[in-house]
$ cat input.cif   # mmCIF, C-alpha atoms and all ligand atoms
data_query
loop_
_atom_site.label_atom_id
_atom_site.label_comp_id
_atom_site.auth_asym_id
_atom_site.auth_seq_id
_atom_site.Cartn_x
_atom_site.Cartn_y
_atom_site.Cartn_z
CA MET W 48 -10.86 -17.56 -24.71
CA PRO W 49 -9.24 -14.16 -25.42
CA ASP W 50 -8.56 -12.03 -22.34
CA ALA W 51 -10.82 -8.97 -22.11
CA ALA W 52 -9.13 -5.56 -22.11
CA TYR W 53 -10.00 -1.88 -22.02
CA TYR W 54 -8.21 1.32 -23.00
CA ASN W 55 -9.63 4.83 -22.89
CA GLY W 56 -13.25 4.01 -23.58
CA GLN W 57 -12.75 1.00 -25.88
CA TYR W 58 -13.37 -2.60 -24.92
CA THR W 59 -11.33 -5.16 -26.83
CA THR W 60 -9.18 -8.21 -26.18
CA LEU W 61 -5.71 -8.13 -24.67
CA GLN W 62 -4.38 -9.57 -27.94
CA GLN W 63 -5.89 -6.67 -29.92
CA LEU W 64 -5.34 -3.90 -27.43
CA GLN W 65 -3.73 -0.85 -29.01
CA VAL W 66 -2.30 1.87 -26.80
CA SER W 67 -0.76 5.17 -27.80
CA PRO W 68 3.05 5.33 -27.65
CA ASP W 69 2.53 8.91 -26.44
CA ASP W 70 0.84 7.59 -23.31
CA ARG W 71 3.04 8.84 -20.48
CA ALA W 72 2.85 5.38 -18.93
CA PHE W 73 4.96 4.19 -21.84
CA TYR W 74 7.69 6.89 -21.72
CA PHE W 75 7.91 7.74 -18.04
CA GLY W 76 6.03 5.08 -16.10
CA ASP W 77 3.98 8.15 -15.19
CA GLY W 78 1.03 6.45 -13.57
CA VAL W 79 -0.24 4.12 -10.88
CA TYR W 80 -1.82 0.68 -10.95
CA GLU W 81 -3.67 -2.03 -9.04
CA VAL W 82 -3.92 -5.81 -9.29
CA VAL W 83 -7.19 -7.18 -7.96
CA LYS W 84 -8.08 -10.81 -7.45
CA VAL W 85 -11.41 -12.41 -8.34
CA LEU W 86 -12.31 -15.73 -6.75
CA ASP W 87 -15.47 -17.67 -7.58
CA GLY W 88 -16.67 -14.59 -9.43
CA ARG W 89 -16.27 -12.35 -6.35
CA VAL W 90 -13.90 -9.40 -6.44
CA PHE W 91 -11.66 -9.45 -3.37
CA ALA W 92 -11.24 -6.28 -1.29
CA LEU W 93 -12.13 -3.91 -4.14
CA GLU W 94 -12.77 -0.98 -1.76
CA LEU W 95 -9.27 -1.30 -0.28
CA HIS W 96 -7.73 -1.43 -3.76
CA LEU W 97 -9.71 1.64 -4.85
CA ASP W 98 -8.64 3.49 -1.68
CA ARG W 99 -5.02 2.82 -2.59
CA LEU W 100 -5.52 3.70 -6.27
CA TYR W 101 -6.84 7.19 -5.42
CA ARG W 102 -4.17 7.63 -2.70
CA SER W 103 -1.38 6.66 -5.12
CA ALA W 104 -2.75 8.93 -7.87
CA ALA W 105 -2.88 11.86 -5.42
CA GLY W 106 0.74 11.02 -4.49
CA ILE W 107 1.85 11.68 -8.09
CA GLU W 108 -0.50 14.67 -8.54
CA VAL W 109 -2.88 12.93 -10.95
CA LYS W 110 -6.54 13.68 -10.39
CA ILE W 111 -8.62 10.66 -11.34
CA PRO W 112 -11.62 11.97 -13.31
CA TRP W 113 -13.72 8.85 -12.77
CA SER W 114 -15.74 7.91 -9.71
CA ARG W 115 -15.09 4.70 -7.82
CA ALA W 116 -18.35 3.34 -9.27
CA GLU W 117 -17.18 4.10 -12.83
CA ILE W 118 -13.89 2.27 -12.32
CA ALA W 119 -15.69 -0.63 -10.66
CA GLY W 120 -18.06 -0.62 -13.66
CA VAL W 121 -15.18 -1.09 -16.12
CA LEU W 122 -13.95 -3.96 -13.99
CA ALA W 123 -17.41 -5.54 -13.92
CA ASP W 124 -17.74 -5.20 -17.71
CA LEU W 125 -14.36 -6.86 -18.23
CA LEU W 126 -15.27 -9.70 -15.91
CA GLU W 127 -18.54 -10.23 -17.72
CA ARG W 128 -16.71 -10.39 -21.05
CA SER W 129 -14.01 -12.74 -19.79
CA THR W 130 -16.28 -15.05 -17.72
CA TYR W 131 -13.33 -16.44 -15.73
CA PRO W 132 -14.50 -17.46 -12.23
CA ASN W 133 -10.95 -16.97 -10.90
CA ALA W 134 -9.14 -14.01 -12.39
CA LEU W 135 -6.49 -11.38 -11.86
CA THR W 136 -7.55 -7.97 -13.03
CA TYR W 137 -4.97 -5.29 -13.76
CA PHE W 138 -5.76 -1.62 -14.10
CA GLN W 139 -3.51 1.36 -14.48
CA ILE W 140 -4.12 5.07 -14.68
CA SER W 141 -1.52 7.28 -16.33
CA ARG W 142 -1.23 11.04 -16.60
CA GLY W 143 -2.54 10.71 -20.16
CA VAL W 144 -1.46 10.98 -23.80
CA ALA W 145 0.75 13.93 -24.80
CA PRO W 146 3.88 14.59 -26.91
CA ARG W 147 6.99 13.42 -25.06
CA LYS W 148 8.18 16.10 -22.66
CA HIS W 149 9.23 15.54 -19.07
CA ALA W 150 7.12 18.29 -17.46
CA TYR W 151 3.44 17.55 -17.00
CA PRO W 152 1.19 18.02 -20.07
CA PRO W 153 -1.51 20.76 -20.12
CA ALA W 154 -3.96 20.58 -17.22
CA ASP W 155 -6.84 19.56 -19.51
CA THR W 156 -5.04 16.33 -20.54
CA VAL W 157 -7.32 13.44 -19.61
CA PRO W 158 -5.65 10.57 -17.71
CA SER W 159 -5.58 7.18 -19.45
CA LEU W 160 -7.27 4.12 -18.02
CA CYS W 161 -6.01 0.75 -19.18
CA ALA W 162 -7.29 -2.53 -17.76
CA TRP W 163 -7.40 -6.22 -18.49
CA VAL W 164 -8.43 -9.55 -17.01
CA LYS W 165 -6.54 -12.84 -17.10
CA PRO W 166 -7.35 -16.21 -15.56
CA PHE W 167 -5.88 -16.79 -12.09
CA HIS W 168 -4.58 -20.26 -11.34
CA GLY W 169 -3.01 -19.59 -7.95
CA LEU W 170 0.41 -20.75 -6.84
CA PRO W 171 1.61 -24.37 -6.92
CA LYS W 172 0.25 -26.02 -3.75
CA ALA W 173 3.72 -27.16 -2.67
CA LEU W 174 4.82 -23.55 -2.11
CA HIS W 175 2.26 -23.05 0.63
CA GLU W 176 2.72 -26.53 2.06
CA GLU W 177 6.51 -26.58 2.11
CA GLY W 178 7.34 -22.88 2.17
CA ALA W 179 9.34 -20.76 -0.27
CA LYS W 180 12.87 -19.41 -0.57
CA ALA W 181 13.86 -15.75 -0.60
CA VAL W 182 17.02 -13.73 -1.14
CA ILE W 183 18.12 -10.42 0.39
CA VAL W 184 18.62 -7.43 -1.91
CA ALA W 185 19.44 -3.77 -1.15
CA ASP W 186 16.32 -1.61 -1.44
CA GLN W 187 17.17 0.79 -4.28
CA ARG W 188 13.71 2.26 -4.82
CA TRP W 189 12.78 5.94 -4.50
CA PRO W 190 11.67 7.04 -1.02
CA GLN W 191 7.99 6.96 -2.05
CA ALA W 192 7.41 3.22 -2.06
CA TRP W 193 3.93 3.80 -0.57
CA ILE W 194 2.83 4.95 -4.04
CA LYS W 195 1.90 2.02 -6.28
CA SER W 196 3.73 3.60 -9.19
CA LEU W 197 4.26 2.08 -12.63
CA ASN W 198 7.99 2.72 -12.12
CA LEU W 199 9.02 -0.78 -11.10
CA LEU W 200 12.58 -1.09 -12.38
CA PRO W 201 14.25 -1.63 -8.96
CA ASN W 202 11.47 -4.11 -8.09
CA ALA W 203 12.00 -5.93 -11.40
CA MET W 204 15.77 -6.09 -10.83
CA ALA W 205 15.31 -7.43 -7.31
CA ALA W 206 12.72 -9.97 -8.51
CA ASP W 207 15.12 -11.18 -11.17
CA ALA W 208 17.90 -11.60 -8.59
CA ALA W 209 15.46 -13.89 -6.77
CA ARG W 210 14.62 -15.78 -9.95
CA ARG W 211 18.30 -16.31 -10.75
CA ALA W 212 18.81 -17.73 -7.25
CA GLY W 213 15.83 -20.09 -7.67
CA ALA W 214 13.92 -18.14 -4.99
CA TYR W 215 10.32 -16.91 -4.94
CA GLU W 216 10.98 -13.40 -3.66
CA ALA W 217 13.60 -10.73 -2.97
CA ILE W 218 13.56 -9.16 0.49
CA LEU W 219 14.38 -5.43 0.30
CA VAL W 220 16.64 -4.19 3.08
CA ASP W 221 17.43 -0.53 3.75
CA ARG W 222 20.83 1.06 4.49
CA ASP W 223 20.39 0.54 8.24
CA GLY W 224 19.87 -3.20 7.73
CA LEU W 225 16.14 -3.00 8.41
CA VAL W 226 13.69 -5.03 6.34
CA ASN W 227 11.21 -2.90 4.38
CA GLU W 228 9.23 -5.43 2.34
CA CYS W 229 9.77 -7.54 -0.81
CA SER W 230 9.81 -6.81 -4.55
CA ALA W 231 6.06 -7.49 -4.82
CA SER W 232 4.89 -8.41 -1.32
CA ASN W 233 5.00 -7.34 2.33
CA LEU W 234 7.17 -9.24 4.78
CA PHE W 235 6.50 -10.44 8.31
CA ALA W 236 8.64 -12.20 10.91
CA VAL W 237 7.54 -13.91 14.10
CA ILE W 238 10.02 -12.81 16.75
CA ASP W 239 9.62 -13.96 20.37
CA GLY W 240 6.05 -15.00 19.59
CA VAL W 241 5.09 -11.56 18.20
CA VAL W 242 4.23 -11.01 14.52
CA ARG W 243 6.35 -8.06 13.36
CA THR W 244 6.15 -6.11 10.11
CA ALA W 245 7.47 -2.73 8.98
CA PRO W 246 5.08 0.13 9.86
CA LYS W 247 2.92 1.90 7.30
CA ASN W 248 5.26 4.68 6.25
CA ARG W 249 6.70 5.98 2.96
CA ASN W 250 9.16 3.07 2.62
CA ILE W 251 6.63 0.31 1.97
CA LEU W 252 3.56 -0.30 -0.11
CA TRP W 253 0.52 -0.49 2.15
CA GLY W 254 -0.49 -3.94 0.97
CA VAL W 255 -4.14 -4.94 0.92
CA SER W 256 -3.12 -8.47 1.96
CA ARG W 257 -0.93 -6.99 4.74
CA HIS W 258 -4.03 -5.21 6.07
CA VAL W 259 -6.15 -8.38 5.89
CA ALA W 260 -3.42 -10.52 7.52
CA LEU W 261 -3.05 -8.04 10.40
CA GLN W 262 -6.79 -8.07 10.97
CA CYS W 263 -6.84 -11.88 10.89
CA ALA W 264 -4.02 -11.91 13.47
CA GLN W 265 -5.98 -9.57 15.69
CA ALA W 266 -9.11 -11.73 15.37
CA LEU W 267 -7.08 -14.81 16.33
CA GLY W 268 -5.56 -13.08 19.36
CA ILE W 269 -2.04 -13.25 17.89
CA ARG W 270 0.21 -10.44 19.12
CA VAL W 271 1.25 -8.01 16.39
CA GLN W 272 3.71 -5.12 16.29
CA GLU W 273 4.06 -2.81 13.30
CA ARG W 274 7.76 -2.23 14.00
CA ALA W 275 10.66 -2.78 11.59
CA PHE W 276 13.01 -5.70 12.24
CA SER W 277 16.64 -6.28 11.31
CA VAL W 278 18.09 -9.01 9.10
CA PRO W 279 19.50 -11.00 12.09
CA GLU W 280 16.17 -10.71 13.95
CA MET W 281 14.49 -12.16 10.86
CA LEU W 282 17.04 -14.92 10.23
CA TYR W 283 17.05 -16.08 13.85
CA GLY W 284 13.35 -15.46 14.47
CA ASP W 285 10.71 -18.19 14.73
CA GLU W 286 8.89 -17.75 11.40
CA VAL W 287 8.93 -15.60 8.29
CA PHE W 288 6.09 -15.11 5.82
CA LEU W 289 5.00 -12.70 3.12
CA THR W 290 1.63 -11.40 2.00
CA SER W 291 0.48 -10.37 -1.46
CA THR W 292 -2.55 -10.59 -3.73
CA SER W 293 -1.60 -13.83 -5.53
CA PRO W 294 -0.33 -16.00 -2.65
CA ASP W 295 -2.34 -14.41 0.24
CA VAL W 296 0.04 -15.61 3.00
CA LEU W 297 3.18 -17.52 1.97
CA PRO W 298 5.67 -19.11 4.40
CA ILE W 299 9.35 -18.31 3.79
CA VAL W 300 11.57 -21.10 5.09
CA ASN W 301 14.95 -20.28 3.57
CA ILE W 302 16.65 -16.91 3.11
CA ASP W 303 19.97 -16.67 1.23
CA GLY W 304 20.55 -20.35 2.02
CA HIS W 305 19.85 -19.89 5.75
CA GLN W 306 17.07 -22.11 7.08
CA ILE W 307 14.40 -20.41 9.19
CA SER W 308 13.79 -22.47 12.38
CA ASP W 309 13.23 -26.11 11.35
CA GLY W 310 12.75 -25.19 7.68
CA ARG W 311 9.00 -25.89 7.76
CA PRO W 312 6.09 -23.39 7.67
CA GLY W 313 5.51 -22.33 11.29
CA PRO W 314 2.29 -22.63 13.30
CA ILE W 315 1.44 -18.91 13.34
CA THR W 316 1.95 -18.63 9.58
CA ARG W 317 -0.28 -21.65 8.99
CA ARG W 318 -3.02 -20.27 11.25
CA LEU W 319 -2.88 -16.93 9.47
CA LEU W 320 -3.06 -18.54 6.04
CA ALA W 321 -6.11 -20.56 7.11
CA ALA W 322 -7.76 -17.44 8.59
CA PHE W 323 -6.98 -15.44 5.43
CA ARG W 324 -8.56 -18.10 3.22
CA HIS W 325 -11.54 -18.29 5.57
CA HIS W 326 -11.89 -14.52 5.27
CA ILE W 327 -11.83 -14.75 1.46
CA ARG W 328 -14.66 -17.30 1.55
CA THR W 329 -16.80 -15.60 4.20
CA GLY W 330 -15.80 -11.95 4.40
CA GLU W 331 -15.35 -12.35 8.18
CA TYR W 332 -12.61 -10.54 10.12
CA THR W 333 -11.78 -7.43 8.19
CA THR W 334 -12.95 -3.87 7.96
CA ARG W 335 -11.42 -1.01 6.00
N1 LIG U 1 4.69 -4.54 -1.75
C1 LIG U 1 4.95 -4.34 -3.07
C2 LIG U 1 6.21 -3.61 -3.45
C3 LIG U 1 4.06 -4.80 -4.05
O1 LIG U 1 4.31 -4.58 -5.34
C4 LIG U 1 2.90 -5.51 -3.64
C5 LIG U 1 1.94 -6.01 -4.62
O2 LIG U 1 2.14 -5.95 -5.80
C6 LIG U 1 2.69 -5.72 -2.27
C7 LIG U 1 3.61 -5.21 -1.37
C8 LIG U 1 1.48 -6.47 -1.80
O3 LIG U 1 0.35 -5.69 -1.97
P1 LIG U 1 -1.10 -6.38 -2.05
O4 LIG U 1 -1.24 -7.20 -0.81
O5 LIG U 1 -2.02 -5.23 -2.08
O6 LIG U 1 -1.10 -7.22 -3.27
#
$ encode --input "input.cif" --output "structure tokens"
Amino acid sequence: MPDAAYYNGQYTTLQQLQVSPDDRAFYFGDGVYEVVKVLDGRVFALELHLDRLYRSAAGIEVKIPWSRAEIAGVLADLLERSTYPNALTYFQISRGVAPRKHAYPPADTVPSLCAWVKPFHGLPKALHEEGAKAVIVADQRWPQAWIKSLNLLPNAMAADAARRAGAYEAILVDRDGLVNECSASNLFAVIDGVVRTAPKNRNILWGVSRHVALQCAQALGIRVQERAFSVPEMLYGDEVFLTSTSPDVLPIVNIDGHQISDGRPGPITRRLLAAFRHHIRTGEYTTR
């Protein structure tokens, strides 16, 4: 079945989607985006994704002219057309279509909305059961990582360093040796029995899955600290895991060839993964 797609008022298929080369997304990566998961026909955490979409757009001085209901409506239309029970939906909003010039186009330029839906098959089971590998990469992104910008070149380069090393993810470390997050996920370490993750500041994306995982931890009575940790604290800690839309919670058992603890997914990670999946099925645990 062709994947359903949308661009500036037109519904089509991804295969037939035509976008303007003068869309500023194309020249400058001048826009923001979201990836939203659909499981058993239910959209996961849409409100949180919409919160972040509007926050990111405000961060790059783009005023979204559509209401939350209108954007949700496009998503619903695409899902109806695609009929996939499990899907990943992508939508991006750019500053709009205008002749190529760095400075912003005239104020009456209408932003572009592009969206599509593809089937979601999840990750291979073994990754969750056995844990994944990661590599450490210097964080070379701009100091506005909280904005979910289309500009993903440093993330793409880091992700490819991971791929070349046969690893699932690249862990982004700042100049002081503190762990920010990963190329496309947030990172957690269990240190002295406490789940640690970098705080919500400008240096990390405020992940939807991060939010859900923290709320699951709270519900389970697991101690949590939103405080950055160093590379040695992570390597010699008890457990490491990441969170992101596709994998939910994923154990990391090897970093740059160094085994974390006994090299198996740890008990806190496994409890959090189970709670996260329970939340997806039931909606229990989390609030905005
Ligand atoms: N951090 C970065 C840099 C990301 O790109 C992503 C997702 O793409 C995440 C974290 C995880 O965010 P979420 O849990 O909302 O998928």
$ residues_near_ligand --input "input.cif" --ligand "ligand LIG 1 (chain U)" --cutoff "9 Å" --atoms "only C-alpha atoms and all ligand atoms" --output "JSON, numbers by chain"
{"W": [81, 82, 83, 84, 95, 96, 99, 192, 193, 195, 199, 202, 228, 229, 230, 231, 232, 233, 234, 251, 252, 253, 254, 255, 256, 257, 258, 259, 289, 290, 291, 292, 293, 294, 295]}
$ write_last_selection --input "input.cif" --atoms "C-alpha atoms" --output "JSON list (two decimals), keeping the file's coordinate frame"
[["chain", "number", "residue", "atom", "x", "y", "z"],
["W", 81, "GLU", "CA", -3.67, -2.03, -9.04],
["W", 82, "VAL", "CA", -3.92, -5.81, -9.29],
["W", 83, "VAL", "CA", -7.19, -7.18, -7.96],
["W", 84, "LYS", "CA", -8.08, -10.81, -7.45],
["W", 95, "LEU", "CA", -9.27, -1.30, -0.28],
["W", 96, "HIS", "CA", -7.73, -1.43, -3.76],
["W", 99, "ARG", "CA", -5.02, 2.82, -2.59],
["W", 192, "ALA", "CA", 7.41, 3.22, -2.06],
["W", 193, "TRP", "CA", 3.93, 3.80, -0.57],
["W", 195, "LYS", "CA", 1.90, 2.02, -6.28],
["W", 199, "LEU", "CA", 9.02, -0.78, -11.10],
["W", 202, "ASN", "CA", 11.47, -4.11, -8.09],
["W", 228, "GLU", "CA", 9.23, -5.43, 2.34],
["W", 229, "CYS", "CA", 9.77, -7.54, -0.81],
["W", 230, "SER", "CA", 9.81, -6.81, -4.55],
["W", 231, "ALA", "CA", 6.06, -7.49, -4.82],
["W", 232, "SER", "CA", 4.89, -8.41, -1.32],
["W", 233, "ASN", "CA", 5.00, -7.34, 2.33],
["W", 234, "LEU", "CA", 7.17, -9.24, 4.78],
["W", 251, "ILE", "CA", 6.63, 0.31, 1.97],
["W", 252, "LEU", "CA", 3.56, -0.30, -0.11],
["W", 253, "TRP", "CA", 0.52, -0.49, 2.15],
["W", 254, "GLY", "CA", -0.49, -3.94, 0.97],
["W", 255, "VAL", "CA", -4.14, -4.94, 0.92],
["W", 256, "SER", "CA", -3.12, -8.47, 1.96],
["W", 257, "ARG", "CA", -0.93, -6.99, 4.74],
["W", 258, "HIS", "CA", -4.03, -5.21, 6.07],
["W", 259, "VAL", "CA", -6.15, -8.38, 5.89],
["W", 289, "LEU", "CA", 5.00, -12.70, 3.12],
["W", 290, "THR", "CA", 1.63, -11.40, 2.00],
["W", 291, "SER", "CA", 0.48, -10.37, -1.46],
["W", 292, "THR", "CA", -2.55, -10.59, -3.73],
["W", 293, "SER", "CA", -1.60, -13.83, -5.53],
["W", 294, "PRO", "CA", -0.33, -16.00, -2.65],
["W", 295, "ASP", "CA", -2.34, -14.41, 0.24]]
$ residues_around --input "input.cif" --residues "Pro298 of chain W" --least-positions-apart "2" --cutoff "8 Å" --atoms "all atoms listed in the file" --output "number ranges by chain"
W: 174-175, 177-179, 286-289, 296, 300, 312-313, 316-317
$ closest_residue --input "input.cif" --among "W:Ala275, W:Ala123, W:Leu197, W:Ala264" --to "Ala321 of chain W" --atoms "only C-alpha atoms"
W:Ala264
$ residues_around --input "input.cif" --residues "Pro201 of chain W" --least-positions-apart "6" --cutoff "12 Å" --atoms "only C-alpha atoms" --output "list in words"
Val184, Ala185, Asp186, Gln187, Arg188, Trp189, Ala192, Asp207, Ala208, Ala217, Leu219, Cys229, Ser230 and Ala231 of chain W
$ atom_distance --input "input.cif" --atom1 "atom CA of Val271 of chain W" --atom2 "atom CA of Arg318 of chain W"
14.0 Å
$ closest_residue --input "input.cif" --among "W:Gln57, W:Ser308, W:Gln262, W:Ser129" --to "Val237 of chain W" --atoms "all atoms listed in the file"
W:Ser308
$ atom_distance --input "input.cif" --atom1 "atom CA of Asp124 of chain W" --atom2 "atom CA of Ala145 of chain W"
27.5 Å
$ atom_distance --input "input.cif" --atom1 "atom CA of Ala52 of chain W" --atom2 "atom CA of Glu127 of chain W"
11.4 Å
$ residues_around --input "input.cif" --residues "segment 276-280 of chain W" --least-positions-apart "5" --cutoff "8 Å" --atoms "all atoms listed in the file" --output "ChimeraX atom specification"
/W:220,224-226,236,238,243-245
$ closest_residue --input "input.cif" --among "W:Cys263, W:Ala214, W:Ala51, W:Leu97" --to "Glu117 of chain W" --atoms "only C-alpha atoms"
W:Leu97
$ residues_around --input "input.cif" --residues "Leu126 of chain W" --least-positions-apart "5" --cutoff "10 Å" --atoms "all atoms listed in the file" --output "ChimeraX atom specification"
/W:50-52,85,88-90,120-121,131-136,163-165
$ residues_around --input "input.cif" --residues "Gly56 of chain W" --least-positions-apart "6" --cutoff "10 Å" --atoms "all atoms listed in the file" --output "list in words"
Val121, Ser159, Leu160 and Cys161 of chain W
$ closest_residue --input "input.cif" --among "W:Leu261, W:Leu282, W:Ala162, W:Leu320" --to "Leu61 of chain W" --atoms "all atoms listed in the file"
W:Ala162
$ closest_residue --input "input.cif" --among "W:Pro171, W:Pro68, W:Pro152, W:Pro146" --to "Val109 of chain W" --atoms "only C-alpha atoms"
W:Pro152
$ closest_residue --input "input.cif" --among "W:Asp77, W:Ala104, W:His168, W:Ile118" --to "Tyr151 of chain W" --atoms "only C-alpha atoms"
W:Asp77
